[in-house]
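Following: one structure in structure tokens, then a few remarks.
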Amino acid sequence: MKIQKSSEDYLEAMLMLKEKKGYIRSIDVAQQLSVTKPSVSYATKRLRENGYITMDKDGLIGLTDSGMEIASKMYDRHRNLTAFLIKLGVNEAQAMEDACKIEHDISQESFEAIKRHAAKAIENEDT
């Protein structure tokens, strides 16, 4: 089953919040993504129904194994694409914005090629 781009964004944001704060709350997801609380409620309902997240009685969100797999993939793409664009001379804010757009549509093959190229460029800088 193909996951929607918006769901990928929500899962990635949740992983980022988990790493930053140690927990995930709906209000923090709304702030992270600049969306409304009702939008987060709708998205979390869909993500729960599809088995990507859990919610405890206090409203704290947890990523399931499948949710973590998608979130980690998107976050890895985001970090690497941002670094690559910065390496090309794009300012950080623009690189982050563009990485968000690219990360969903780029093929795995192209992404791996970018990662290899970026790693070589960094390696050459260090020598």
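A note on labels: chains of the structure tokens are A, B, ... as shown, every chain counts residues from 1, and ligands are counted from 1 in their shown order.
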Write out as CSV a residue-level contact list of segment 52-90 of chain A versus segment 19-38 of chain A with cut-off 7 Å: for each qualifying residue the closest pair of atoms and the distance in Å to one decimal, counting only C-alpha atoms, rows sorted by chain and residue number upward.
residue,atom,partner,partner_atom,distance
A:Gly59,CA,A:Arg25,CA,6.7
A:Leu60,CA,A:Arg25,CA,5.3
A:Ile61,CA,A:Ile24,CA,5.2
Could you save the residues just selected, with C-alpha atoms, as a compact mmCIF listing (two decimals), in the first residue's frame?
# COMPACT_ATOMS: atom_id res chain seq x y z
CA GLY A 59 -2.73 11.28 24.29
CA LEU A 60 0.96 10.59 23.82
CA ILE A 61 1.77 9.26 20.37
Discussion item. As a ChimeraX atom specification, please: every residue in chain A that DSSP puts in helix (DSSP H, G or I).
Written reply: /A:5-21,26-33,37-49,65-87,92-105,108-126
Discussion item. Please identify the strand (DSSP E) residues within chain A (assignment by DSSP from backbone atoms) and present them as a PyMOL selection string.
Written reply: chain A and resi 53-55+61-63
Discussion item. With distances taken over only C-alpha atoms, which residue among A:Cys100, A:Thr44, A:Glu112, A:Asp105 lies nearest Tyr75 of chain A?
Written reply: A:Cys100
Discussion item. Show me, as a PyMOL selection string, the residues that have an atom within 12 Å of Ser6 of chain A when counting only C-alpha atoms, minus same-chain residues fewer than 2 positions from it.
Written reply: chain A and resi 2-4+8-13+33+35+39-40+42-44+46-47+71+74+100-101+103-104
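Proximity of A:Ser41, A:Asn50, A:Asn80, A:Ser7 to Ile114 of chain A, computed with only C-alpha atoms, is greatest for A:Asn80.
Coordinates place atom CA of Lys120 of chain A at a distance of 28.4 Å from atom CA of Met68 of chain A.
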Need the shell around segment 82-93 of chain A: protein/DNA/RNA residues with any atom at most 9 Å away, counting only C-alpha atoms. Skip same-chain ones fewer than 2 positions apart. Format as a CSV table (one decimal) with N, CA and C atoms, in the first residue's frame?
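Dumped everything to selection.csv:
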chain,number,residue,atom,x,y,z
A,77,ARG,N,16.3,10.9,4.3
A,77,ARG,CA,16.2,11.6,3.0
A,77,ARG,C,16.3,13.1,3.2
A,78,HIS,N,15.5,13.6,4.2
A,78,HIS,CA,15.5,15.0,4.4
A,78,HIS,C,16.9,15.5,4.9
A,79,ARG,N,17.5,14.8,5.8
A,79,ARG,CA,18.8,15.3,6.3
A,79,ARG,C,19.9,15.2,5.1
A,80,ASN,N,19.9,14.2,4.4
A,80,ASN,CA,20.9,14.0,3.3
A,80,ASN,C,20.6,15.0,2.2
A,95,ALA,N,17.3,25.2,1.4
A,95,ALA,CA,17.7,23.8,1.2
A,95,ALA,C,16.7,22.9,2.0
A,96,MET,N,16.4,23.3,3.2
A,96,MET,CA,15.4,22.5,4.0
A,96,MET,C,14.1,22.4,3.4
A,97,GLU,N,13.6,23.6,2.9
A,97,GLU,CA,12.3,23.6,2.2
A,97,GLU,C,12.3,22.8,0.9
A,98,ASP,N,13.4,22.9,0.1
A,98,ASP,CA,13.4,22.1,-1.1
A,98,ASP,C,13.6,20.6,-0.8
A,99,ALA,N,14.3,20.3,0.2
A,99,ALA,CA,14.5,18.9,0.6
A,99,ALA,C,13.1,18.2,1.0
A,100,CYS,N,12.3,19.0,1.6
A,100,CYS,CA,10.9,18.5,1.9
A,100,CYS,C,10.1,18.1,0.7
A,114,ILE,N,22.9,10.4,-4.9
A,114,ILE,CA,23.1,11.7,-4.2
A,114,ILE,C,23.9,11.4,-2.9
A,115,LYS,N,23.5,10.5,-2.1
A,115,LYS,CA,24.2,10.2,-0.9
A,115,LYS,C,25.7,9.8,-1.1
A,117,HIS,N,27.5,10.6,-3.7
A,117,HIS,CA,28.2,11.8,-4.2
A,117,HIS,C,28.5,12.8,-3.1
A,118,ALA,N,27.5,13.0,-2.2
A,118,ALA,CA,27.7,13.9,-1.1
A,118,ALA,C,28.8,13.4,-0.1
A,121,ALA,N,32.1,14.1,-1.6
A,121,ALA,CA,32.5,15.5,-1.6
A,121,ALA,C,33.0,15.8,-0.2
A,122,ILE,N,32.3,15.3,0.8
A,122,ILE,CA,32.7,15.6,2.2
A,122,ILE,C,34.1,14.9,2.5
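The shortest atom-to-atom distance to Thr64 of chain A, with only C-alpha atoms taken into account, belongs to A:Leu15 out of A:Ala119, A:Leu15, A:Ile102, A:Ala113.
For the pair atom CA of Asp65 of chain A and atom CA of Gly51 of chain A, the separation is 9.0 Å.
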